[in-house]
Every structure is written in structure tokens, then in C-alpha cells.
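**Q** Okay, so here is final.cif, and as you'll see once you scroll down, it has mmCIF, C-alpha atoms and all ligand atoms.
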data_start
#
loop_
_atom_site.label_atom_id
_atom_site.label_comp_id
_atom_site.auth_asym_id
_atom_site.auth_seq_id
_atom_site.Cartn_x
_atom_site.Cartn_y
_atom_site.Cartn_z
CA MET A 1 177.80 -47.01 53.27
CA GLN A 2 179.60 -49.20 55.87
CA LYS A 3 182.44 -48.01 58.08
CA ILE A 4 185.62 -50.06 57.61
CA ASP A 5 188.64 -48.77 59.56
CA LEU A 6 189.05 -45.92 62.00
CA LEU A 7 191.27 -43.49 60.11
CA TYR A 8 191.47 -40.68 62.64
CA LYS A 9 190.01 -39.97 66.07
CA GLY A 10 189.96 -36.24 66.81
CA LYS A 11 188.69 -34.43 69.89
CA ALA A 12 185.07 -34.43 68.72
CA LYS A 13 184.75 -36.62 65.63
CA SER A 14 186.01 -39.95 64.33
CA ALA A 15 186.66 -40.54 60.62
CA TYR A 16 186.25 -44.01 59.12
CA THR A 17 187.25 -45.34 55.73
CA THR A 18 184.56 -46.92 53.54
CA GLU A 19 184.60 -49.29 50.57
CA GLN A 20 185.00 -46.21 48.38
CA ALA A 21 188.51 -44.78 48.72
CA ASP A 22 187.44 -41.16 48.38
CA LEU A 23 184.54 -41.30 50.86
CA LEU A 24 184.70 -41.22 54.67
CA VAL A 25 182.11 -41.68 57.37
CA MET A 26 182.40 -38.82 59.87
CA GLU A 27 181.01 -39.78 63.27
CA TYR A 28 180.13 -36.94 65.63
CA ARG A 29 180.74 -37.88 69.27
CA ASN A 30 179.43 -36.27 72.47
CA ASP A 31 183.01 -35.47 73.58
CA THR A 32 183.35 -31.75 74.13
CA SER A 33 186.68 -30.05 74.63
CA ALA A 34 188.04 -26.55 75.07
CA PHE A 35 191.36 -24.87 75.83
CA ASP A 36 193.34 -27.28 73.59
CA GLY A 37 191.75 -30.32 75.20
CA LYS A 38 192.37 -29.24 78.81
CA LYS A 39 188.62 -28.99 79.58
CA LEU A 40 186.82 -32.20 78.57
CA GLU A 41 183.22 -33.35 79.09
CA GLN A 42 180.58 -35.57 77.57
CA LEU A 43 177.47 -33.59 76.64
CA ALA A 44 174.38 -35.67 75.87
CA ARG A 45 173.00 -35.20 72.32
CA LYS A 46 175.94 -33.03 71.17
CA GLY A 47 177.04 -35.46 68.45
CA GLU A 48 173.56 -35.61 66.96
CA VAL A 49 172.87 -31.90 67.17
CA ASN A 50 176.19 -30.93 65.58
CA ASN A 51 175.90 -33.59 62.86
CA ARG A 52 172.43 -32.43 61.82
CA PHE A 53 173.34 -28.75 62.19
CA ASN A 54 176.46 -29.20 60.07
CA ALA A 55 174.57 -31.10 57.36
CA PHE A 56 172.02 -28.27 57.14
CA ILE A 57 174.72 -25.56 56.86
CA MET A 58 176.89 -27.52 54.42
CA GLU A 59 173.88 -28.17 52.17
CA TYR A 60 172.98 -24.48 52.28
CA LEU A 61 176.54 -23.51 51.34
CA SER A 62 176.73 -26.12 48.53
CA ASN A 63 173.41 -24.89 47.15
CA ASN A 64 174.91 -21.40 47.07
CA GLY A 65 178.08 -22.30 45.18
CA VAL A 66 180.55 -23.11 47.98
CA PRO A 67 182.16 -26.52 47.32
CA THR A 68 181.88 -28.66 50.48
CA HIS A 69 182.86 -32.20 51.45
CA HIS A 70 179.34 -33.06 52.64
CA VAL A 71 177.70 -35.89 50.70
CA ALA A 72 174.83 -37.14 52.85
CA LEU A 73 173.47 -37.44 56.36
CA LEU A 74 173.74 -41.17 57.18
CA SER A 75 172.26 -41.34 60.67
CA ALA A 76 171.71 -39.18 63.74
CA ASN A 77 175.43 -38.86 64.43
CA GLN A 78 177.10 -39.84 61.13
CA SER A 79 177.60 -38.16 57.77
CA LEU A 80 179.22 -39.29 54.55
CA VAL A 81 181.91 -36.90 53.30
CA LYS A 82 184.43 -36.69 50.48
CA ARG A 83 187.89 -37.57 51.73
CA LEU A 84 190.05 -34.46 51.48
CA GLN A 85 193.74 -33.81 51.76
CA MET A 86 193.35 -31.32 54.61
CA LEU A 87 195.50 -28.18 54.69
CA PRO A 88 196.94 -27.70 58.22
CA VAL A 89 195.52 -24.21 58.66
CA GLU A 90 192.37 -22.89 60.30
CA CYS A 91 190.67 -19.92 58.67
CA VAL A 92 188.96 -17.59 61.15
CA VAL A 93 186.59 -14.80 60.12
CA ARG A 94 185.51 -12.21 62.69
CA ASN A 95 182.59 -9.77 62.41
CA ARG A 96 182.81 -8.71 66.06
CA ALA A 97 185.61 -8.94 68.59
CA ALA A 98 185.52 -11.94 70.93
CA GLY A 99 187.90 -14.57 72.27
CA SER A 100 191.56 -14.49 71.34
CA ILE A 101 191.51 -11.22 69.35
CA CYS A 102 190.31 -9.39 72.49
CA ARG A 103 193.20 -10.79 74.52
CA ARG A 104 195.72 -10.18 71.72
CA LEU A 105 194.73 -6.64 70.77
CA GLY A 106 193.06 -5.42 73.97
CA LEU A 107 189.66 -5.03 72.31
CA GLU A 108 186.35 -4.82 74.11
CA GLU A 109 184.16 -7.87 73.45
CA GLY A 110 181.48 -7.05 70.89
CA LYS A 111 183.33 -4.32 68.97
CA VAL A 112 182.12 -4.41 65.36
CA LEU A 113 184.92 -5.29 62.94
CA GLU A 114 184.24 -3.74 59.54
CA PRO A 115 185.39 -5.05 57.13
CA ALA A 116 185.51 -8.50 58.72
CA VAL A 117 188.92 -9.67 59.96
CA PHE A 118 190.46 -12.80 58.41
CA GLU A 119 193.14 -14.77 60.29
CA PHE A 120 195.09 -17.97 59.69
CA PHE A 121 196.03 -20.29 62.55
CA TYR A 122 198.39 -23.27 62.30
CA LYS A 123 196.47 -26.44 63.22
CA ASP A 124 198.70 -28.01 65.88
CA ASP A 125 197.26 -28.72 69.32
CA SER A 126 200.69 -29.26 70.87
CA LEU A 127 201.56 -25.66 69.96
CA GLY A 128 198.11 -24.31 70.94
CA ASP A 129 197.11 -23.52 67.32
CA PRO A 130 199.25 -20.36 66.96
CA MET A 131 198.17 -17.47 64.74
CA ILE A 132 200.27 -17.29 61.56
CA ASN A 133 200.44 -15.06 58.49
CA ASP A 134 200.64 -15.59 54.72
CA SER A 135 204.42 -15.61 54.81
CA HIS A 136 204.48 -18.56 57.24
CA VAL A 137 202.00 -20.45 55.07
CA ILE A 138 204.25 -20.06 52.00
CA THR A 139 207.61 -20.63 53.70
CA PHE A 140 206.46 -23.77 55.49
CA GLY A 141 204.59 -25.07 52.44
CA TRP A 142 201.19 -25.35 54.15
CA ALA A 143 199.45 -23.96 51.02
CA THR A 144 200.36 -22.14 47.82
CA ASP A 145 199.64 -18.48 47.29
CA ALA A 146 196.73 -19.35 44.97
CA GLN A 147 195.32 -21.81 47.53
CA MET A 148 195.52 -19.16 50.25
CA GLN A 149 193.65 -16.65 48.11
CA GLU A 150 191.03 -19.28 47.42
CA MET A 151 190.60 -20.10 51.13
CA LYS A 152 190.22 -16.40 51.93
CA ALA A 153 187.71 -15.78 49.15
CA LEU A 154 185.62 -18.84 50.10
CA SER A 155 185.77 -17.91 53.81
CA LEU A 156 184.41 -14.44 53.00
CA ARG A 157 181.73 -15.84 50.69
CA VAL A 158 180.66 -18.11 53.58
CA ASN A 159 180.50 -14.96 55.72
CA GLU A 160 178.11 -13.24 53.31
CA LEU A 161 175.88 -16.31 53.12
CA LEU A 162 175.84 -17.26 56.80
CA SER A 163 175.74 -13.76 58.32
CA GLN A 164 172.48 -13.28 56.43
CA LEU A 165 171.14 -16.73 57.34
CA PHE A 166 171.82 -16.24 61.07
CA ASP A 167 170.59 -12.63 60.96
CA GLN A 168 167.21 -13.90 59.75
CA ALA A 169 167.20 -16.25 62.76
CA GLY A 170 167.78 -13.33 65.14
CA LEU A 171 171.46 -14.09 65.67
CA TYR A 172 174.76 -12.29 65.12
CA LEU A 173 177.45 -14.46 63.53
CA VAL A 174 180.30 -13.08 65.64
CA ASP A 175 183.13 -15.28 64.35
CA TYR A 176 183.84 -18.78 63.05
CA LYS A 177 186.57 -21.20 62.04
CA LEU A 178 186.71 -23.10 58.76
CA GLU A 179 189.02 -25.85 57.53
CA PHE A 180 189.66 -26.56 53.86
CA GLY A 181 191.16 -29.46 51.96
CA LEU A 182 191.87 -30.55 48.44
CA HIS A 183 189.77 -32.99 46.45
CA GLN A 184 191.39 -33.71 43.10
CA ASP A 185 193.01 -30.24 43.17
CA GLN A 186 189.73 -28.51 44.01
CA MET A 187 189.59 -26.38 47.18
CA VAL A 188 186.73 -27.77 49.25
CA LEU A 189 185.28 -26.78 52.63
CA GLY A 190 185.79 -29.66 55.08
CA ASP A 191 185.42 -30.41 58.77
CA GLU A 192 182.26 -28.95 60.30
CA PHE A 193 180.22 -25.81 60.80
CA SER A 194 178.34 -25.98 64.08
CA PRO A 195 177.98 -23.95 67.30
CA ASP A 196 181.18 -25.71 68.44
CA GLY A 197 183.29 -23.73 65.96
CA CYS A 198 181.59 -20.36 65.78
CA ARG A 199 180.18 -17.67 68.04
CA LEU A 200 176.49 -16.80 67.82
CA TRP A 201 174.83 -14.12 69.94
CA ASP A 202 171.13 -13.37 70.26
CA LYS A 203 170.57 -10.03 68.48
CA GLN A 204 168.23 -8.69 71.16
CA THR A 205 169.92 -9.83 74.38
CA LEU A 206 173.50 -10.54 73.15
CA GLU A 207 173.20 -13.86 74.99
CA LYS A 208 175.87 -16.41 73.97
CA MET A 209 174.38 -19.40 72.14
CA ASP A 210 177.56 -21.29 71.17
CA LYS A 211 180.54 -23.14 72.65
CA ASP A 212 181.41 -20.17 74.88
CA ARG A 213 178.61 -21.54 77.11
CA PHE A 214 180.87 -24.56 77.65
CA ARG A 215 184.16 -22.63 77.79
CA GLN A 216 182.76 -20.15 80.33
CA GLY A 217 180.66 -22.66 82.32
CA LEU A 218 177.38 -20.86 81.50
CA GLY A 219 175.39 -24.12 81.43
CA GLN A 220 172.62 -25.48 79.15
CA VAL A 221 175.14 -25.81 76.31
CA ILE A 222 173.21 -28.25 74.13
CA GLU A 223 169.84 -26.67 74.95
CA TYR A 224 171.19 -23.46 73.39
CA TYR A 225 172.59 -25.30 70.34
CA GLU A 226 169.12 -26.82 69.91
CA GLU A 227 167.50 -23.40 70.16
CA VAL A 228 169.79 -22.10 67.39
CA ALA A 229 168.91 -25.16 65.29
CA ARG A 230 165.19 -24.59 65.92
CA ARG A 231 165.42 -20.95 64.84
CA LEU A 232 167.23 -21.92 61.62
CA GLY A 233 164.77 -24.70 60.86
CA VAL A 234 167.33 -27.52 61.19
CA PRO A 235 165.43 -30.82 61.55
CA LEU A 236 166.68 -32.41 64.79
CA ASN A 237 165.14 -35.87 64.35
P1 LIG B 1 190.43 -32.19 65.89
O1 LIG B 1 191.31 -32.88 64.90
O2 LIG B 1 190.61 -30.71 65.86
O3 LIG B 1 190.52 -32.80 67.24
P2 LIG B 1 187.84 -33.38 65.15
O4 LIG B 1 187.62 -34.25 66.32
O5 LIG B 1 186.70 -32.59 64.67
O6 LIG B 1 188.96 -32.28 65.37
O7 LIG B 1 188.42 -34.31 64.04
C1 LIG B 1 188.11 -34.21 62.72
C2 LIG B 1 189.41 -34.32 61.93
O8 LIG B 1 189.11 -34.73 60.60
C3 LIG B 1 190.14 -32.98 61.83
O9 LIG B 1 191.52 -33.17 61.99
C4 LIG B 1 189.84 -32.52 60.42
O10 LIG B 1 190.90 -31.72 59.90
C5 LIG B 1 189.70 -33.82 59.67
N1 LIG B 1 188.77 -33.75 58.54
C6 LIG B 1 187.65 -33.03 58.46
N2 LIG B 1 187.03 -33.22 57.29
C7 LIG B 1 187.79 -34.09 56.58
C8 LIG B 1 187.70 -34.67 55.28
N3 LIG B 1 186.67 -34.40 54.48
N4 LIG B 1 188.68 -35.50 54.87
C9 LIG B 1 189.71 -35.78 55.70
N5 LIG B 1 189.86 -35.27 56.94
C10 LIG B 1 188.91 -34.43 57.38
N1 LIG B 2 187.78 -22.00 66.85
C1 LIG B 2 187.59 -23.36 66.65
N2 LIG B 2 188.63 -24.21 66.84
C2 LIG B 2 189.84 -23.79 67.23
C3 LIG B 2 190.04 -22.41 67.44
C4 LIG B 2 188.99 -21.54 67.25
O1 LIG B 2 186.50 -23.77 66.27
O2 LIG B 2 190.77 -24.63 67.39
C5 LIG B 2 186.67 -21.06 66.62
C6 LIG B 2 186.08 -20.52 67.92
O3 LIG B 2 184.99 -21.30 68.34
C7 LIG B 2 185.65 -19.13 67.50
C8 LIG B 2 186.64 -18.73 66.40
O4 LIG B 2 187.19 -19.94 65.92
O5 LIG B 2 184.35 -19.18 66.93
C9 LIG B 2 187.73 -17.82 66.89
O6 LIG B 2 188.36 -18.40 68.00
P1 LIG B 2 189.43 -17.56 68.86
O7 LIG B 2 190.66 -17.32 68.04
O8 LIG B 2 188.78 -16.36 69.43
O9 LIG B 2 189.88 -18.57 69.99
P2 LIG B 2 189.23 -18.91 71.41
O10 LIG B 2 189.39 -17.73 72.27
O11 LIG B 2 187.83 -19.26 71.10
O12 LIG B 2 190.04 -20.09 71.85
#
If you convert what's in this file into C-alpha cells, what do you get?
**A**
Amino acid sequence: MQKIDLLYKGKAKSAYTTEQADLLVMEYRNDTSAFDGKKLEQLARKGEVNNRFNAFIMEYLSNNGVPTHHVALLSANQSLVKRLQMLPVECVVRNRAAGSICRRLGLEEGKVLEPAVFEFFYKDDSLGDPMINDSHVITFGWATDAQMQEMKALSLRVNELLSQLFDQAGLYLVDYKLEFGLHQDQMVLGDEFSPDGCRLWDKQTLEKMDKDRFRQGLGQVIEYYEEVARRLGVPLN
């Protein structure tokens, strides 16, 4: 499938139209950003690792009944996806406290959250992706009540599936962010699932193996992503 026009260039990926109106080529770049784009770097191999990692996770989720936009891996850093009408909210699921919930609620990093916490954020970089609640989603028309319930249910189903998958690889799935969109009225998981959008800690050492290595300047960012991929059995070439 050939790329035609650049439709959207985000902070980490570029989306291209194709000859089929409802299919996009998603190109994963090496650009790495944090703190709403204030920290920016190029990390060698990141595009490839995240593309292959995401394809593996999306296929696993699809095979287990979660509708996803993933169609096929096209090349090292490109995948074919269904074009979705994205909903402007980020769905975050937390199994342990880390990141913004620690700052917001004064929690110690690592505190187990049982049952898992679900949060919506409004996807708007200029506002710093603020946390929002169901009432905001309805009033501002970002999704219907039924669509919200569907996003929550799918996010928690993903939690069951992936917590177990990562557990078997010796990792805690601490938290993660999902984005959903509509494809002919069906709620579908879009965007990506990779160590860029989740937190993964080694179960033995609690070592961080995700984008916090970049945010916190811990080094060897992509080497750790590759180690996670290796443990899961993600083919990296
Ligand atoms: P950001 O927009 O946060 O900078 P990316 O660089 O990852 O992030 O850009 C990917 C963009 O493509 C995001 O805005 C995301 O919402 C959007 N997107 C992801 N999957 C799809 C899809 N299947 N159809 C249309 N848009 C998508
Ligand atoms: N996350 C993301 N994109 C965002 C915001 C958050 O992928 O724009 C992910 C982040 O990597 C983490 C989870 O969502 O796995 C929760 O992030 P948090 O609210 O703690 O924000 P942070 O402190 O990471 O900015």
C-alpha cells in the first residue's frame, strides 16, 4: 500500500493517506518527546522498535476480542491501520501509582491501586492534556455516555489481557494510555501501545523499562525497550 499525502504529523508518528480512503499508513519516527514537547530528542531505532512492539500488542489484543485499528506491519517503521475518527480523550488505567497521580494526590510511587484507577484526559497539548471527568466529556460533546462506557470497558479488558502478558515476561504493567476512535460507528482502539505510552517495571528489581528512562534521563532508553520486546517475544527484525 503506497503513501499518498501526509495527513497529520504528530510528535512521534506521521499518518499518510493511501489509495483506500479508510486506510492510513502510520509511520513511526525516532522523534522522542516528553513534558508536552518541551524535551525533544532523536533516539536511534525508536521508530522501528515501537512499530514492531505495537503491531505485536495490537495483534494480541485483536486475537483476544479487542477491536483495534491495526491491519498489517508494512515495514520496519510503518504499519497499515484503519482510519478512525479519533475521540479527543486519552484513557489512562493505573495499577500502581506513578507520574501525575502521585503529584496530584500525594501518593508514594509504587502504591498498588486496587481496583485499577481509570482516568480521562482531554487531548490538547496547548492545555497540557488536562484531566477531565465524565461530565466534561458529555457537556463538551467529546463522546456520548455509551461511547464513554465502551472506552472504559475496553480499557479495563486491555488491562486484564496485558497485565497478564507482561506479568509472564517478569514485568509489572504500572499504567498506560489508550486512544480510541470510531470506525463506521464501532469503537476501535487506535494510536499505539508501546513503552512510550505505558510504564513497565521489572518485577524483581522495580527498574523502569519505559519512557520514564527518557523523562528522567536514566539513559539506555531504547536498549530497555528492546529488552522488554525480547522478553515478550516481539520479533525485532
Ligand atoms: P501526538 O498527536 O500526540 O503528537 P503521534 O505523533 O503519535 O501523537 O501522532 C499520531 C496521531 O494520529 C495522534 O493524534 C492520534 O490521535 C492519531 N491517530 C492514531 N491512530 C489513528 C487512526 N487509526 N486514524 C486516525 N488518526 C489516528
Ligand atoms: N501518557 C501518554 N501520553 C500522554 C500522557 C500520558 O502516553 O500524553 C501515558 C504515560 O506514559 C503513562 C500514563 O499515560 O504511562 C499516565 O501518565 P501520567 O498521567 O502519569 O502523566 P506523566 O506524569 O507521565 O506525564
**Q** Step by step, measure atom-to-atom distances between ligand LIG 2 (chain B) and each residue using all atoms listed in the file, keep those at most 10 Å, then write them as a ChimeraX atom specification.
**A** /A:33-37,89-94,97-104,119-125,128-131,173-179,192-200,210-212,215
**Q** List all protein, DNA and RNA residues that have at least one atom no more than 10 Å from any atom of ligand LIG 1 (chain B), counting only C-alpha atoms and all ligand atoms, and write them as a PDB file with C-alpha atoms, in the frame of the given file.
**A**
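Final output, pocket_38.pdb:
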ATOM      1  CA  LEU A   7     191.270 -43.490  60.110  1.00  0.00           C
ATOM      2  CA  TYR A   8     191.470 -40.680  62.640  1.00  0.00           C
ATOM      3  CA  LYS A   9     190.010 -39.970  66.070  1.00  0.00           C
ATOM      4  CA  GLY A  10     189.960 -36.240  66.810  1.00  0.00           C
ATOM      5  CA  LYS A  11     188.690 -34.430  69.890  1.00  0.00           C
ATOM      6  CA  ALA A  12     185.070 -34.430  68.720  1.00  0.00           C
ATOM      7  CA  LYS A  13     184.750 -36.620  65.630  1.00  0.00           C
ATOM      8  CA  SER A  14     186.010 -39.950  64.330  1.00  0.00           C
ATOM      9  CA  ALA A  15     186.660 -40.540  60.620  1.00  0.00           C
ATOM     10  CA  TYR A  16     186.250 -44.010  59.120  1.00  0.00           C
ATOM     11  CA  THR A  17     187.250 -45.340  55.730  1.00  0.00           C
ATOM     12  CA  ASP A  22     187.440 -41.160  48.380  1.00  0.00           C
ATOM     13  CA  LEU A  23     184.540 -41.300  50.860  1.00  0.00           C
ATOM     14  CA  LEU A  24     184.700 -41.220  54.670  1.00  0.00           C
ATOM     15  CA  VAL A  25     182.110 -41.680  57.370  1.00  0.00           C
ATOM     16  CA  MET A  26     182.400 -38.820  59.870  1.00  0.00           C
ATOM     17  CA  GLU A  27     181.010 -39.780  63.270  1.00  0.00           C
ATOM     18  CA  TYR A  28     180.130 -36.940  65.630  1.00  0.00           C
ATOM     19  CA  ARG A  29     180.740 -37.880  69.270  1.00  0.00           C
ATOM     20  CA  ASP A  31     183.010 -35.470  73.580  1.00  0.00           C
ATOM     21  CA  THR A  32     183.350 -31.750  74.130  1.00  0.00           C
ATOM     22  CA  SER A  33     186.680 -30.050  74.630  1.00  0.00           C
ATOM     23  CA  ASP A  36     193.340 -27.280  73.590  1.00  0.00           C
ATOM     24  CA  GLY A  37     191.750 -30.320  75.200  1.00  0.00           C
ATOM     25  CA  THR A  68     181.880 -28.660  50.480  1.00  0.00           C
ATOM     26  CA  HIS A  69     182.860 -32.200  51.450  1.00  0.00           C
ATOM     27  CA  HIS A  70     179.340 -33.060  52.640  1.00  0.00           C
ATOM     28  CA  VAL A  71     177.700 -35.890  50.700  1.00  0.00           C
ATOM     29  CA  LEU A  80     179.220 -39.290  54.550  1.00  0.00           C
ATOM     30  CA  VAL A  81     181.910 -36.900  53.300  1.00  0.00           C
ATOM     31  CA  LYS A  82     184.430 -36.690  50.480  1.00  0.00           C
ATOM     32  CA  ARG A  83     187.890 -37.570  51.730  1.00  0.00           C
ATOM     33  CA  LEU A  84     190.050 -34.460  51.480  1.00  0.00           C
ATOM     34  CA  GLN A  85     193.740 -33.810  51.760  1.00  0.00           C
ATOM     35  CA  MET A  86     193.350 -31.320  54.610  1.00  0.00           C
ATOM     36  CA  LEU A  87     195.500 -28.180  54.690  1.00  0.00           C
ATOM     37  CA  PRO A  88     196.940 -27.700  58.220  1.00  0.00           C
ATOM     38  CA  VAL A  89     195.520 -24.210  58.660  1.00  0.00           C
ATOM     39  CA  GLU A  90     192.370 -22.890  60.300  1.00  0.00           C
ATOM     40  CA  LYS A 123     196.470 -26.440  63.220  1.00  0.00           C
ATOM     41  CA  ASP A 124     198.700 -28.010  65.880  1.00  0.00           C
ATOM     42  CA  ASP A 125     197.260 -28.720  69.320  1.00  0.00           C
ATOM     43  CA  ASP A 129     197.110 -23.520  67.320  1.00  0.00           C
ATOM     44  CA  LEU A 178     186.710 -23.100  58.760  1.00  0.00           C
ATOM     45  CA  GLU A 179     189.020 -25.850  57.530  1.00  0.00           C
ATOM     46  CA  PHE A 180     189.660 -26.560  53.860  1.00  0.00           C
ATOM     47  CA  GLY A 181     191.160 -29.460  51.960  1.00  0.00           C
ATOM     48  CA  LEU A 182     191.870 -30.550  48.440  1.00  0.00           C
ATOM     49  CA  HIS A 183     189.770 -32.990  46.450  1.00  0.00           C
ATOM     50  CA  VAL A 188     186.730 -27.770  49.250  1.00  0.00           C
ATOM     51  CA  LEU A 189     185.280 -26.780  52.630  1.00  0.00           C
ATOM     52  CA  GLY A 190     185.790 -29.660  55.080  1.00  0.00           C
ATOM     53  CA  ASP A 191     185.420 -30.410  58.770  1.00  0.00           C
ATOM     54  CA  GLU A 192     182.260 -28.950  60.300  1.00  0.00           C
ATOM     55  CA  ASP A 196     181.180 -25.710  68.440  1.00  0.00           C
ATOM     56  CA  GLY A 197     183.290 -23.730  65.960  1.00  0.00           C
TER      57      GLY A 197
END
**Q** Between atom CA of A:Lys152 and atom CA of A:Asp134, what is the distance in Å, rounded to a tenth?
**A**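 Interatomic distance, atom CA of A:Lys152 to atom CA of A:Asp134: 10.8 Å.
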**Q** Using atom CA of A:Leu107 and atom CA of A:Glu223 as the two end points, give the distance in Å to one decimal.
**A**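 Those two atoms sit 29.5 Å apart.
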**Q** So that I can see what lies close to A:Leu165, please list as a compact mmCIF listing (two decimals) with C-alpha atoms, in the coordinates of the input the residues with an atom at most 12 Å from it, counting only C-alpha atoms and leaving out residues fewer than 3 positions away in the same chain.
**A**
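File part-v6.txt, as written:
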# COMPACT_ATOMS: atom_id res chain seq x y z
CA PHE A 56 172.02 -28.27 57.14
CA ILE A 57 174.72 -25.56 56.86
CA TYR A 60 172.98 -24.48 52.28
CA LEU A 61 176.54 -23.51 51.34
CA ASN A 64 174.91 -21.40 47.07
CA VAL A 158 180.66 -18.11 53.58
CA ASN A 159 180.50 -14.96 55.72
CA GLU A 160 178.11 -13.24 53.31
CA LEU A 161 175.88 -16.31 53.12
CA LEU A 162 175.84 -17.26 56.80
CA GLN A 168 167.21 -13.90 59.75
CA ALA A 169 167.20 -16.25 62.76
CA GLY A 170 167.78 -13.33 65.14
CA LEU A 171 171.46 -14.09 65.67
CA TYR A 172 174.76 -12.29 65.12
CA LEU A 173 177.45 -14.46 63.53
CA LEU A 200 176.49 -16.80 67.82
CA VAL A 228 169.79 -22.10 67.39
CA ALA A 229 168.91 -25.16 65.29
CA ARG A 231 165.42 -20.95 64.84
CA LEU A 232 167.23 -21.92 61.62
CA GLY A 233 164.77 -24.70 60.86
**Q** Rounded to one decimal in Å, what is the spacing between atom CA of A:Asp5 and atom CA of A:Val49?
**A** 24.3 Å
**Q** Mind checking which residues fall within 10 Å of A:Ser75, counting all atoms listed in the file, ignoring those fewer than 4 positions away in the same chain, and posting them as a list of chain:residue names?
**A**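 Residues near the query, excluding close chain neighbours: A:Glu27, A:Glu48, A:Asn51, A:Arg52, A:Ser79, A:Leu80, A:Asn237.
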**Q** Which is closer to A:Arg45 than all the others in A:Ala153, A:Glu226, A:Thr144, A:Pro235, using only C-alpha atoms?
**A**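 Looking at the shortest contact to A:Arg45, the residue is A:Glu226.
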**Q** Counting all atoms listed in the file, which residue out of A:Phe166, A:Ser126, A:Asn63, A:Val234 sits closest to A:Lys203?
**A**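 Closest to A:Lys203, using all atoms listed in the file: A:Phe166.
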